[in-house]
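Enquirer: For reference, the file start.txt (compact mmCIF, C-alpha atoms) is included below:
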```txt
# COMPACT_ATOMS: atom_id res chain seq x y z
CA LYS A 1 106.66 -77.66 -47.76
CA LEU A 2 103.01 -76.70 -47.45
CA TYR A 3 102.02 -79.95 -49.11
CA ARG A 4 103.97 -81.97 -46.56
CA GLU A 5 102.59 -79.99 -43.61
CA GLU A 6 98.99 -80.24 -44.79
CA LEU A 7 99.24 -84.00 -45.11
CA ASN A 8 101.08 -84.22 -41.76
CA LEU A 9 103.75 -86.38 -43.41
CA THR A 10 106.24 -88.09 -41.13
CA SER A 11 109.55 -89.73 -41.82
CA PRO A 12 109.37 -93.30 -43.15
CA ALA A 13 110.02 -96.26 -40.92
CA ALA A 14 113.55 -96.75 -39.63
CA LEU A 15 115.96 -98.46 -41.98
CA LEU A 16 116.35 -102.18 -41.60
CA PRO A 17 119.70 -103.52 -40.35
CA LEU A 18 122.16 -104.44 -43.06
CA ARG A 19 121.60 -108.02 -44.14
CA PRO A 20 124.58 -109.91 -45.65
CA GLU A 21 122.14 -111.73 -47.94
CA ALA A 22 120.72 -108.47 -49.37
CA SER A 23 120.62 -108.75 -53.14
CA TRP A 24 122.45 -105.49 -53.82
CA LEU A 25 125.32 -106.51 -51.50
CA GLN A 26 125.56 -109.97 -53.08
CA PHE A 27 125.63 -108.26 -56.49
CA HIS A 28 128.58 -106.10 -55.39
CA LEU A 29 130.42 -109.09 -53.96
CA GLY A 30 129.95 -110.98 -57.25
CA ILE A 31 131.88 -108.47 -59.37
CA THR A 32 135.08 -110.01 -60.78
CA ARG A 33 137.56 -109.15 -63.51
CA ASP A 34 135.29 -111.11 -65.91
CA GLY A 35 132.21 -108.93 -65.51
CA LEU A 36 129.69 -107.36 -63.18
CA TYR A 37 128.05 -110.70 -62.44
CA PRO A 38 128.56 -114.39 -63.25
CA ARG A 39 126.63 -116.12 -66.01
CA SER A 40 123.21 -117.39 -64.89
CA SER A 41 123.46 -115.39 -61.70
CA PRO A 42 120.48 -115.94 -59.36
CA THR A 43 121.55 -112.79 -57.51
CA VAL A 44 120.85 -110.60 -60.53
CA ASN A 45 117.31 -111.94 -60.92
CA ARG A 46 116.68 -111.37 -57.21
CA LEU A 47 118.10 -107.84 -57.46
CA LEU A 48 115.81 -107.06 -60.40
CA ARG A 49 112.80 -108.25 -58.38
CA ASP A 50 113.87 -106.17 -55.37
CA MET A 51 114.32 -103.00 -57.42
CA GLN A 52 110.86 -103.60 -58.86
CA ASN A 53 109.11 -104.22 -55.53
CA LEU A 54 110.98 -102.73 -52.55
CA THR A 55 109.60 -99.58 -50.93
CA THR A 56 111.59 -96.41 -51.53
CA VAL A 57 112.66 -94.56 -48.38
CA SER A 58 114.38 -91.55 -49.95
CA ALA A 59 114.81 -89.75 -53.25
CA ASP A 60 117.36 -87.17 -54.31
CA TYR A 61 119.11 -85.66 -57.32
CA SER A 62 122.17 -87.48 -58.63
CA GLN A 63 125.56 -85.95 -57.87
CA ASP A 64 126.12 -84.57 -61.37
CA GLU A 65 122.72 -82.86 -61.34
CA LYS A 66 123.44 -81.37 -57.92
CA ALA A 67 126.59 -79.86 -59.42
CA LEU A 68 124.44 -78.20 -62.08
CA LEU A 69 121.96 -76.54 -59.75
CA GLY A 70 122.17 -72.81 -60.30
CA ALA A 71 125.23 -73.24 -62.53
CA CYS A 72 123.68 -73.96 -65.91
CA ASP A 73 125.03 -71.94 -68.80
CA CYS A 74 122.14 -71.25 -71.17
CA SER A 75 124.58 -70.20 -73.90
CA GLN A 76 126.01 -73.71 -74.21
CA ILE A 77 125.25 -75.61 -77.39
CA VAL A 78 125.44 -78.94 -75.60
CA LYS A 79 123.28 -79.00 -72.49
CA PRO A 80 124.67 -80.91 -69.49
CA SER A 81 123.10 -84.05 -68.16
CA GLY A 82 120.80 -82.27 -65.71
CA VAL A 83 118.36 -81.76 -68.58
CA HIS A 84 117.51 -85.46 -68.42
CA LEU A 85 116.29 -85.51 -64.84
CA LYS A 86 117.56 -88.65 -63.20
CA LEU A 87 117.05 -89.33 -59.51
CA VAL A 88 118.68 -91.56 -56.92
CA LEU A 89 116.18 -93.76 -55.09
CA ARG A 90 117.09 -95.62 -51.90
CA PHE A 91 115.37 -98.68 -50.49
CA GLN A 92 114.82 -99.96 -46.96
CA ASP A 93 117.60 -102.52 -47.20
CA PHE A 94 120.19 -99.81 -48.07
CA GLY A 95 119.97 -100.61 -51.77
CA LYS A 96 120.24 -97.74 -54.21
CA ALA A 97 119.21 -97.31 -57.87
CA MET A 98 119.26 -94.61 -60.54
CA PHE A 99 115.77 -93.72 -61.72
CA LYS A 100 115.30 -92.34 -65.25
CA PRO A 101 111.69 -91.36 -66.00
CA MET A 102 109.86 -91.90 -69.27
CA ARG A 103 110.39 -89.00 -71.68
CA GLN A 104 109.19 -90.62 -74.91
CA LYS A 105 106.62 -93.23 -75.83
CA ARG A 106 107.80 -96.50 -77.35
CA GLU A 107 106.76 -95.62 -80.88
CA GLU A 108 108.35 -92.13 -80.86
CA GLU A 109 111.54 -91.78 -82.89
CA THR A 110 114.40 -89.31 -82.61
CA PRO A 111 113.77 -86.61 -85.25
CA GLU A 112 116.19 -86.81 -88.19
CA ASP A 113 117.35 -83.23 -87.61
CA PHE A 114 118.37 -83.89 -83.98
CA PHE A 115 122.06 -84.05 -83.11
CA TYR A 116 122.90 -87.04 -80.92
CA PHE A 117 124.00 -84.75 -78.09
CA VAL A 118 120.61 -83.08 -77.72
CA ASP A 119 118.54 -86.24 -78.01
CA PHE A 120 116.20 -87.34 -75.21
CA GLN A 121 117.28 -90.09 -72.89
CA ARG A 122 114.92 -93.07 -73.02
CA HIS A 123 114.16 -95.22 -70.00
CA ASN A 124 113.30 -98.21 -72.19
CA ALA A 125 116.71 -97.95 -73.89
CA GLU A 126 118.39 -98.43 -70.51
CA ILE A 127 116.31 -101.56 -69.89
CA ALA A 128 116.88 -102.99 -73.37
CA ALA A 129 120.62 -102.27 -73.17
CA PHE A 130 120.94 -104.37 -70.03
CA HIS A 131 119.18 -107.32 -71.68
CA LEU A 132 121.27 -107.04 -74.86
CA ASP A 133 124.52 -106.79 -72.88
CA ARG A 134 123.59 -109.97 -71.02
CA ILE A 135 122.66 -111.79 -74.24
CA LEU A 136 126.02 -110.83 -75.76
CA ASP A 137 127.66 -112.26 -72.62
CA PHE A 138 129.48 -109.00 -71.93
CA ARG A 139 127.90 -108.51 -68.48
CA ARG A 140 129.11 -104.91 -68.33
CA VAL A 141 125.78 -103.07 -67.88
CA PRO A 142 124.45 -102.84 -64.29
CA PRO A 143 121.19 -104.74 -63.72
CA THR A 144 118.30 -102.56 -64.90
CA VAL A 145 114.55 -103.05 -64.58
CA GLY A 146 111.42 -101.11 -65.45
CA ARG A 147 109.05 -99.92 -62.75
CA LEU A 148 105.90 -97.85 -62.35
CA ILE A 149 106.76 -95.25 -59.73
CA ASN A 150 104.18 -93.32 -57.72
CA VAL A 151 105.89 -89.94 -57.98
CA THR A 152 103.92 -88.55 -55.04
CA LYS A 153 104.43 -91.34 -52.53
CA GLU A 154 107.80 -92.66 -53.72
CA ILE A 155 109.58 -89.40 -54.57
CA LEU A 156 107.86 -86.27 -53.23
CA GLU A 157 106.83 -87.69 -49.86
CA VAL A 158 110.19 -89.34 -49.11
CA THR A 159 112.67 -86.73 -50.34
CA LYS A 160 114.35 -84.39 -47.87
CA ASN A 161 115.73 -82.22 -50.66
CA GLU A 162 113.72 -79.00 -50.61
CA ILE A 163 114.83 -78.08 -54.13
CA LEU A 164 113.43 -81.36 -55.43
CA GLN A 165 110.21 -80.78 -53.47
CA SER A 166 109.88 -77.33 -55.04
CA VAL A 167 109.78 -78.58 -58.65
CA PHE A 168 106.60 -80.64 -58.19
CA PHE A 169 103.29 -79.26 -59.44
CA VAL A 170 99.86 -80.44 -60.60
CA SER A 171 99.20 -80.04 -64.32
CA PRO A 172 95.92 -78.78 -65.86
CA ALA A 173 95.08 -82.43 -66.48
CA SER A 174 95.43 -83.08 -62.71
CA ASN A 175 98.61 -85.10 -63.16
CA VAL A 176 101.51 -84.78 -60.70
CA CYS A 177 104.60 -83.52 -62.53
CA PHE A 178 108.16 -82.42 -61.77
CA PHE A 179 111.10 -81.00 -63.73
CA ALA A 180 114.85 -80.44 -63.50
CA LYS A 181 116.00 -77.48 -61.41
CA CYS A 182 118.07 -75.68 -64.00
CA PRO A 183 117.56 -72.23 -65.58
CA TYR A 184 116.78 -73.50 -69.06
CA MET A 185 114.65 -76.39 -67.81
CA CYS A 186 112.46 -74.68 -65.18
CA LYS A 187 109.50 -74.75 -67.50
CA THR A 188 106.44 -76.93 -67.24
CA GLU A 189 106.71 -78.01 -70.88
CA TYR A 190 109.94 -79.85 -70.00
CA ALA A 191 108.41 -81.68 -67.05
CA VAL A 192 107.66 -85.37 -66.69
CA CYS A 193 104.20 -86.26 -65.42
CA GLY A 194 102.50 -89.18 -63.76
CA ASN A 195 99.08 -90.47 -64.75
CA PRO A 196 98.01 -89.01 -62.39
CA HIS A 197 100.68 -90.26 -59.97
CA LEU A 198 102.16 -93.31 -61.74
CA LEU A 199 105.16 -92.79 -64.01
CA GLU A 200 107.20 -95.33 -65.96
CA GLY A 201 110.93 -95.36 -65.48
CA SER A 202 114.06 -97.47 -65.44
CA LEU A 203 115.93 -98.41 -62.28
CA SER A 204 119.63 -99.23 -62.63
CA ALA A 205 121.47 -100.77 -59.70
CA PHE A 206 124.26 -98.65 -58.26
CA LEU A 207 127.81 -99.98 -58.34
CA PRO A 208 129.89 -100.04 -55.14
CA SER A 209 130.82 -96.53 -53.99
CA LEU A 210 134.03 -95.04 -55.37
CA ASN A 211 135.77 -95.09 -51.98
CA LEU A 212 135.20 -98.86 -51.76
CA ALA A 213 135.74 -99.77 -55.42
CA PRO A 214 137.58 -96.92 -57.21
CA ARG A 215 136.91 -96.43 -60.92
CA LEU A 216 138.60 -94.44 -63.65
CA SER A 217 136.70 -92.42 -66.23
CA ILE A 218 138.70 -92.44 -69.48
CA PRO A 219 138.01 -90.54 -72.72
CA ASN A 220 137.02 -92.81 -75.58
CA PRO A 221 139.70 -92.66 -78.31
CA TRP A 222 136.80 -92.56 -80.79
CA ILE A 223 135.04 -89.69 -79.02
CA ARG A 224 132.78 -87.60 -81.23
CA SER A 225 132.84 -83.88 -81.77
CA TYR A 226 130.25 -82.18 -79.57
CA SER A 227 129.69 -79.24 -81.87
CA PHE A 228 127.55 -78.59 -84.93
CA ASP A 229 130.32 -78.77 -87.54
CA GLY A 230 133.54 -80.06 -85.92
CA LYS A 231 135.13 -83.43 -86.66
CA GLU A 232 137.56 -85.57 -84.69
CA GLU A 233 140.67 -87.10 -86.24
CA TRP A 234 139.20 -90.58 -86.47
CA GLU A 235 136.36 -89.23 -88.60
CA VAL A 236 138.72 -87.96 -91.32
CA ASN A 237 141.72 -90.29 -91.00
CA PRO A 238 141.05 -93.94 -91.96
CA LEU A 239 144.47 -94.89 -90.51
CA TYR A 240 143.65 -93.40 -87.12
CA CYS A 241 143.86 -96.79 -85.38
CA ASN A 242 147.60 -96.96 -86.18
CA THR A 243 148.03 -93.91 -83.95
CA VAL A 244 145.93 -95.41 -81.17
CA ARG A 245 147.92 -98.67 -81.25
CA GLU A 246 151.09 -96.73 -80.42
CA ILE A 247 149.63 -95.41 -77.16
CA TYR A 248 149.63 -97.43 -73.96
CA PRO A 249 147.42 -99.24 -72.90
CA TYR A 250 146.01 -99.70 -76.43
CA SER A 251 149.41 -100.92 -77.63
CA ASN A 252 149.04 -104.30 -75.90
CA GLY A 253 146.65 -106.29 -73.76
CA ASN A 254 142.87 -106.39 -74.04
CA ARG A 255 142.01 -102.68 -73.91
CA LEU A 256 141.65 -102.21 -77.67
CA LEU A 257 139.65 -105.44 -77.95
CA ASN A 258 137.35 -104.19 -75.20
CA ILE A 259 136.91 -100.90 -77.08
CA VAL A 260 135.81 -102.92 -80.13
CA ASP A 261 133.34 -104.87 -77.96
CA MET A 262 131.92 -101.57 -76.74
CA ALA A 263 131.64 -100.23 -80.30
CA ILE A 264 129.75 -103.37 -81.39
CA PHE A 265 127.38 -102.99 -78.47
CA ASP A 266 126.83 -99.29 -79.20
CA PHE A 267 126.25 -99.93 -82.89
CA LEU A 268 123.56 -102.50 -82.13
CA ILE A 269 121.66 -100.06 -79.90
CA GLY A 270 122.46 -97.00 -82.05
CA ASN A 271 124.28 -95.09 -79.28
CA MET A 272 126.54 -92.32 -80.60
CA ASP A 273 127.14 -90.74 -77.19
CA ARG A 274 129.99 -92.88 -75.78
CA HIS A 275 132.41 -90.07 -74.97
CA HIS A 276 133.98 -91.78 -71.92
CA TYR A 277 134.16 -95.24 -70.44
CA GLU A 278 134.79 -96.39 -66.87
CA MET A 279 136.90 -99.19 -65.40
CA PHE A 280 137.50 -100.61 -61.93
CA THR A 281 141.07 -99.74 -60.99
CA LYS A 282 141.41 -102.98 -58.99
CA PHE A 283 141.46 -105.09 -62.15
CA GLY A 284 144.27 -103.20 -63.84
CA ASP A 285 144.62 -102.10 -67.44
CA ASP A 286 143.08 -105.28 -68.87
CA GLY A 287 139.89 -105.03 -66.82
CA PHE A 288 136.50 -104.86 -68.54
CA LEU A 289 134.93 -101.57 -69.61
CA LEU A 290 131.66 -100.59 -67.98
CA HIS A 291 128.84 -99.90 -70.45
CA LEU A 292 127.04 -97.16 -68.49
CA ASP A 293 124.47 -94.57 -69.57
CA ASN A 294 122.77 -96.21 -72.55
CA ALA A 295 119.62 -94.08 -72.59
CA ARG A 296 120.40 -92.49 -75.96
CA GLY A 297 120.18 -95.85 -77.68
CA PHE A 298 117.23 -97.17 -79.70
CA GLY A 299 116.33 -93.75 -81.07
CA ARG A 300 115.90 -94.42 -84.80
CA HIS A 301 115.25 -97.97 -85.95
CA PRO A 302 115.56 -97.30 -89.74
CA HIS A 303 119.02 -95.74 -89.42
CA ASP A 304 122.26 -97.70 -89.00
CA GLU A 305 125.04 -95.35 -87.89
CA THR A 306 128.01 -97.29 -89.25
CA SER A 307 130.50 -94.69 -87.98
CA ILE A 308 129.98 -96.20 -84.50
CA LEU A 309 131.82 -99.27 -85.82
CA ALA A 310 134.98 -97.26 -86.56
CA PRO A 311 137.09 -99.09 -83.92
CA LEU A 312 136.24 -102.41 -85.60
CA SER A 313 136.53 -101.28 -89.23
CA GLN A 314 139.71 -99.22 -88.66
CA CYS A 315 141.55 -101.62 -86.33
CA CYS A 316 140.25 -104.86 -87.89
CA ILE A 317 140.44 -106.83 -84.67
CA ILE A 318 137.83 -108.70 -82.64
CA LYS A 319 137.76 -111.27 -79.84
CA ARG A 320 137.03 -114.80 -80.98
CA THR A 321 134.49 -115.24 -78.17
CA THR A 322 132.66 -112.09 -79.31
CA LEU A 323 132.66 -113.21 -82.94
CA LEU A 324 131.37 -116.68 -82.05
CA ARG A 325 128.53 -115.19 -80.01
CA LEU A 326 127.57 -112.85 -82.87
CA GLN A 327 127.64 -115.71 -85.37
CA LEU A 328 125.42 -117.79 -83.08
CA LEU A 329 122.91 -114.93 -82.77
CA ALA A 330 122.78 -114.70 -86.56
CA GLU A 331 121.57 -118.31 -86.84
CA PRO A 332 117.80 -118.68 -87.51
CA GLU A 333 117.18 -120.75 -84.37
CA TYR A 334 118.99 -118.21 -82.14
CA ARG A 335 118.09 -115.01 -83.97
CA LEU A 336 119.06 -111.96 -81.91
CA SER A 337 115.66 -110.28 -82.27
CA ASP A 338 113.92 -113.43 -81.04
CA VAL A 339 116.24 -113.85 -78.05
CA MET A 340 115.83 -110.16 -77.15
CA ARG A 341 112.06 -110.31 -77.51
CA GLU A 342 111.88 -113.29 -75.16
CA SER A 343 114.26 -111.73 -72.66
CA LEU A 344 112.44 -108.38 -72.58
CA LEU A 345 109.13 -110.10 -71.85
CA GLN A 346 110.48 -110.68 -68.33
CA ASP A 347 110.47 -106.94 -67.63
CA PRO A 348 107.42 -105.43 -65.85
CA LEU A 349 107.11 -102.72 -68.54
CA ALA A 350 107.01 -105.16 -71.48
CA PRO A 351 106.87 -104.58 -74.38
CA VAL A 352 110.08 -102.58 -73.86
CA LEU A 353 110.95 -102.15 -77.56
CA THR A 354 108.75 -101.88 -80.61
CA GLU A 355 109.03 -104.60 -83.25
CA PRO A 356 110.96 -102.40 -85.74
CA HIS A 357 113.70 -101.83 -83.13
CA LEU A 358 113.96 -105.57 -82.51
CA LEU A 359 114.26 -106.32 -86.23
CA ALA A 360 116.87 -103.58 -86.58
CA LEU A 361 119.13 -105.64 -84.30
CA ASP A 362 119.23 -108.46 -86.87
CA ARG A 363 120.05 -106.04 -89.67
CA ARG A 364 122.84 -104.39 -87.71
CA LEU A 365 124.25 -107.74 -86.65
CA GLN A 366 124.66 -108.66 -90.33
CA LEU A 367 126.51 -105.38 -90.93
CA ILE A 368 128.92 -106.21 -88.09
CA LEU A 369 129.61 -109.66 -89.52
CA LYS A 370 130.18 -108.14 -92.97
CA ALA A 371 132.70 -105.71 -91.50
CA VAL A 372 134.55 -108.60 -89.84
CA SER A 373 134.51 -110.61 -93.10
CA LYS A 374 135.95 -107.63 -94.99
CA CYS A 375 138.77 -107.39 -92.45
CA ILE A 376 139.49 -111.12 -92.69
CA ASP A 377 139.57 -110.93 -96.49
CA THR A 378 142.09 -108.10 -96.26
CA TYR A 379 144.37 -109.21 -93.42
CA GLY A 380 143.59 -112.88 -92.80
CA GLU A 381 141.77 -114.49 -89.90
CA ALA A 382 144.91 -114.97 -87.80
CA LYS A 383 145.48 -111.22 -87.58
CA VAL A 384 141.84 -110.18 -87.20
CA VAL A 385 140.41 -112.73 -84.76
CA ALA A 386 142.13 -112.62 -81.38
CA ASN A 387 142.19 -115.96 -79.60
CA ASP A 388 140.98 -114.84 -76.21
CA THR A 389 140.17 -117.62 -73.81
CA THR A 390 137.89 -117.55 -70.80
CA PRO A 391 140.20 -117.17 -67.77
CA PRO A 392 139.56 -119.20 -64.62
CA GLU A 393 137.32 -117.74 -61.94
CA ALA A 394 139.16 -114.91 -60.22
CA PRO A 395 140.39 -115.67 -56.71
CA ALA A 396 138.65 -113.99 -53.83
CA SER A 397 141.46 -111.43 -53.60
CA ASP A 398 140.62 -110.24 -57.12
CA ARG A 399 137.02 -109.35 -56.37
CA VAL A 400 135.51 -106.00 -55.59
CA LYS A 401 134.83 -106.29 -51.88
CA PRO A 402 132.82 -103.48 -50.39
CA THR A 403 132.92 -103.38 -46.63
CA THR A 404 130.18 -102.08 -44.37
```
Just give me the structure as structure tokens.

Expert:
Amino acid sequence: KLYREELNLTSPAALLPLRPEASWLQFHLGITRDGLYPRSSPTVNRLLRDMQNLTTVSADYSQDEKALLGACDCSQIVKPSGVHLKLVLRFQDFGKAMFKPMRQKREEETPEDFFYFVDFQRHNAEIAAFHLDRILDFRRVPPTVGRLINVTKEILEVTKNEILQSVFFVSPASNVCFFAKCPYMCKTEYAVCGNPHLLEGSLSAFLPSLNLAPRLSIPNPWIRSYSFDGKEEWEVNPLYCNTVREIYPYSNGNRLLNIVDMAIFDFLIGNMDRHHYEMFTKFGDDGFLLHLDNARGFGRHPHDETSILAPLSQCCIIKRTTLLRLQLLAEPEYRLSDVMRESLLQDPLAPVLTEPHLLALDRRLQLILKAVSKCIDTYGEAKVVANDTTPPEAPASDRVKPTT
């Protein structure tokens, strides 16, 4: 408060009128039952540029972190998401993005003794996950871009949240820092700091609001145990998939195939933290699964956590389109690491991943193809490879249509 009064800060300029051509609105209008955006979408590239360049007009905690304020239980083994300090930034054209600040340098690895549920969230993992998802032609990760944020001008000076204002301080090195407002995190050693004001972070485009495009959050059948020594049924029962297949909607349709897609994606990035998934209710039970919150990926490049592939190895089923894309990315002229490297060079924070993480993608891709081959040898290609076909473009009535 004193800081704002001393600098005689005033409110930013009035918001611009809503423009139908705004990139974020065009992104929302482009969502269909096939994915969050069409292939080769010019809107996505424009949205990435806008998130990189547009002036922020407000900053605030995300809703889940607001729920944690003053309600953190320090006795919990698993700390809630507030520990990771993500903020909602708004832009002059009414666009909105989730900002996750840099917590680790590129070359830092997750310590071997860390459980996956206490690992840091990495801003560069969010960026890389978006590029990988697009390369795999899933199109289920919201557009994400890296940006250098001036934490003073673009967060502190534009936020109206007094709690957020109160967690800013200047470090002994004269860097501007801030931390999460939670009992076990109100310590300067947990803060993120600019240099002295600039801080790397990822910006992920918001999806349409829930009242305009309702979504369901559904527990992953292959959810992990969030305790030090517990195990879930799938971890001890190799026939677990037979049980899942008996439960609707996994008993028919595309849901189980989409779970396998998600497991393949998570295995490639090394994400063990997929406890839930979300779907748009408008597209019904066969709609695509959203691949949100990927910041715990790309933690340890030497380690391949094959248990993430349990849906594939236990169910022995995969979409033909997914398999063909994986086989293409295993070819020398279209090697996944090379395609990722080239794609990530487009991001303002390039290099986004270190070379060992890029090469790990090739190694993990081979492990996926070996798992598919083992299934085919056991059950035959006809039972393992599902002949999905690309459906025609959804009619206008099938699209997510936010209204102003």

Enquirer: Please identify all polymer residues lying at most 7 Å from the point (128.4, -112.5, -75.5) (file coordinates), using only C-alpha atoms, and present the result as a VMD selection string.

Expert: chain A and resid 135 to 138 322 325

Enquirer: Between A:Thr159, A:Asp304, A:Pro311, A:Asn195, which is the closest to Pro221 of chain A once you count only C-alpha atoms?

Expert: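 The closest residue to Pro221 of chain A is A:Pro311.
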
Enquirer: If we count all atoms listed in the file and set the cut-off at 10 Å, which residues sit around Ser307 of chain A, ignoring sequence neighbours fewer than 2 positions away in its own chain? Please answer as a ChimeraX atom specification.

Expert: /A:222,234-235,263,267,272,304-305,309-313

Enquirer: So that I can check the surroundings of Pro356 of chain A, please list as a VMD selection string every protein, DNA and RNA residue that reaches within 12 Å of it, counting all atoms listed in the file and ignoring chain neighbours fewer than 6 positions away.

Expert: chain A and resid 106 to 109 298 to 303 337 341 362 to 363

Enquirer: Could those selected residues go to a file with C-alpha atoms, as a PDB file, in the coordinates of the input?

Expert:
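Here's the written file result27.pdb:
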```pdb
ATOM      1  CA  ARG A 106     107.800 -96.500 -77.350  1.00  0.00           C
ATOM      2  CA  GLU A 107     106.760 -95.620 -80.880  1.00  0.00           C
ATOM      3  CA  GLU A 108     108.350 -92.130 -80.860  1.00  0.00           C
ATOM      4  CA  GLU A 109     111.540 -91.780 -82.890  1.00  0.00           C
ATOM      5  CA  PHE A 298     117.230 -97.170 -79.700  1.00  0.00           C
ATOM      6  CA  GLY A 299     116.330 -93.750 -81.070  1.00  0.00           C
ATOM      7  CA  ARG A 300     115.900 -94.420 -84.800  1.00  0.00           C
ATOM      8  CA  HIS A 301     115.250 -97.970 -85.950  1.00  0.00           C
ATOM      9  CA  PRO A 302     115.560 -97.300 -89.740  1.00  0.00           C
ATOM     10  CA  HIS A 303     119.020 -95.740 -89.420  1.00  0.00           C
ATOM     11  CA  SER A 337     115.660-110.280 -82.270  1.00  0.00           C
ATOM     12  CA  ARG A 341     112.060-110.310 -77.510  1.00  0.00           C
ATOM     13  CA  ASP A 362     119.230-108.460 -86.870  1.00  0.00           C
ATOM     14  CA  ARG A 363     120.050-106.040 -89.670  1.00  0.00           C
TER      15      ARG A 363
END
```

Enquirer: Just the number, please: distance in Å from atom CA of Leu216 of chain A to atom CA of Tyr250 of chain A, one decimal.

Expert: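 The value is 15.7 Å.
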
Enquirer: Leaving out Ser225 of chain A and any residue of its chain fewer than 4 positions from it, which residues lie within 10 Å of it when counting all atoms listed in the file, given as a list in words?

Expert: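 Near Ser225 of chain A, the qualifying residues are Phe117, Asp229, Gly230, Lys231, Glu232, Glu233, Glu235 and His275 of chain A.
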
Enquirer: Rank nothing, just name the residue among A:Val158, A:Val88, A:Leu207, A:Ile163 nearest to Ser62 of chain A, using all atoms listed in the file.

Expert: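 Nearest to Ser62 of chain A: A:Val88.
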
Enquirer: So which residues touch Asp133 of chain A within 12 Å, counting all atoms listed in the file, skipping near sequence neighbours fewer than 3 positions away, as an NGL selection string?

Expert: :A and (35-37 or 39 or 125-130 or 136-144 or 261-262 or 264-266 or 268-269 or 290-292 or 294 or 322 or 325 or 336 or 340 or 343)

Enquirer: For Asp273 of chain A, please output as a ChimeraX atom specification all residues within 9 Å (counting only C-alpha atoms; exclusion window: fewer than 3 positions along the same chain).

Expert: /A:116-117,223-224,266,276,293-294,296-297

Enquirer: Taking (112.8, -107.6, -69.7) in the file's coordinates as the center, which residues reach within 8 Å of it, counting all atoms listed in the file, put as a list in words?

Expert: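 Those residues, ordered by chain and then number, are Ile127, Ala128, His131, Val145, Gly146, Glu342, Ser343, Leu344, Leu345, Gln346, Asp347, Pro348, Leu349, Ala350 and Val352 of chain A.
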
Enquirer: Output C-alpha atoms for every residue in the selection just made, as a PDB file, keeping the file's coordinate frame.

Expert:
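Wrote it out as part_27.pdb, contents follow:
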```
ATOM      1  CA  ILE A 127     116.310-101.560 -69.890  1.00  0.00           C
ATOM      2  CA  ALA A 128     116.880-102.990 -73.370  1.00  0.00           C
ATOM      3  CA  HIS A 131     119.180-107.320 -71.680  1.00  0.00           C
ATOM      4  CA  VAL A 145     114.550-103.050 -64.580  1.00  0.00           C
ATOM      5  CA  GLY A 146     111.420-101.110 -65.450  1.00  0.00           C
ATOM      6  CA  GLU A 342     111.880-113.290 -75.160  1.00  0.00           C
ATOM      7  CA  SER A 343     114.260-111.730 -72.660  1.00  0.00           C
ATOM      8  CA  LEU A 344     112.440-108.380 -72.580  1.00  0.00           C
ATOM      9  CA  LEU A 345     109.130-110.100 -71.850  1.00  0.00           C
ATOM     10  CA  GLN A 346     110.480-110.680 -68.330  1.00  0.00           C
ATOM     11  CA  ASP A 347     110.470-106.940 -67.630  1.00  0.00           C
ATOM     12  CA  PRO A 348     107.420-105.430 -65.850  1.00  0.00           C
ATOM     13  CA  LEU A 349     107.110-102.720 -68.540  1.00  0.00           C
ATOM     14  CA  ALA A 350     107.010-105.160 -71.480  1.00  0.00           C
ATOM     15  CA  VAL A 352     110.080-102.580 -73.860  1.00  0.00           C
TER      16      VAL A 352
END
```

Enquirer: Pick from A:Val384, A:Leu256, A:Leu29, A:Val339: nearest to Gly287 of chain A, with only C-alpha atoms counted?

Expert: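 Using only C-alpha atoms, Gly287 of chain A sits closest to A:Leu256.
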
Enquirer: Taking into account all atoms listed in the file, which residue in the set A:Cys193, A:Ala205, A:Leu199, A:Leu54 is nearest to Trp24 of chain A?

Expert: A:Ala205

Enquirer: Nearest to Cys241 of chain A among A:His197, A:Asn254, A:Phe280, A:Cys315, with distances taken over all atoms listed in the file: which residue is it?

Expert: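 Comparing A:His197, A:Asn254, A:Phe280, A:Cys315 against Cys241 of chain A, the winner is A:Cys315.
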
Enquirer: Considering only C-alpha atoms, can you say which of A:Ala173, A:Ile31, A:Leu18, A:Leu156 comes closest to Phe91 of chain A?

Expert: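 Closest candidate: A:Leu18.
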
Enquirer: What is the distance, in Å and to one decimal place, between atom CA of Asp338 of chain A and atom CA of Leu326 of chain A?

Expert: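 Separation of atom CA of Asp338 of chain A and atom CA of Leu326 of chain A: 13.8 Å.
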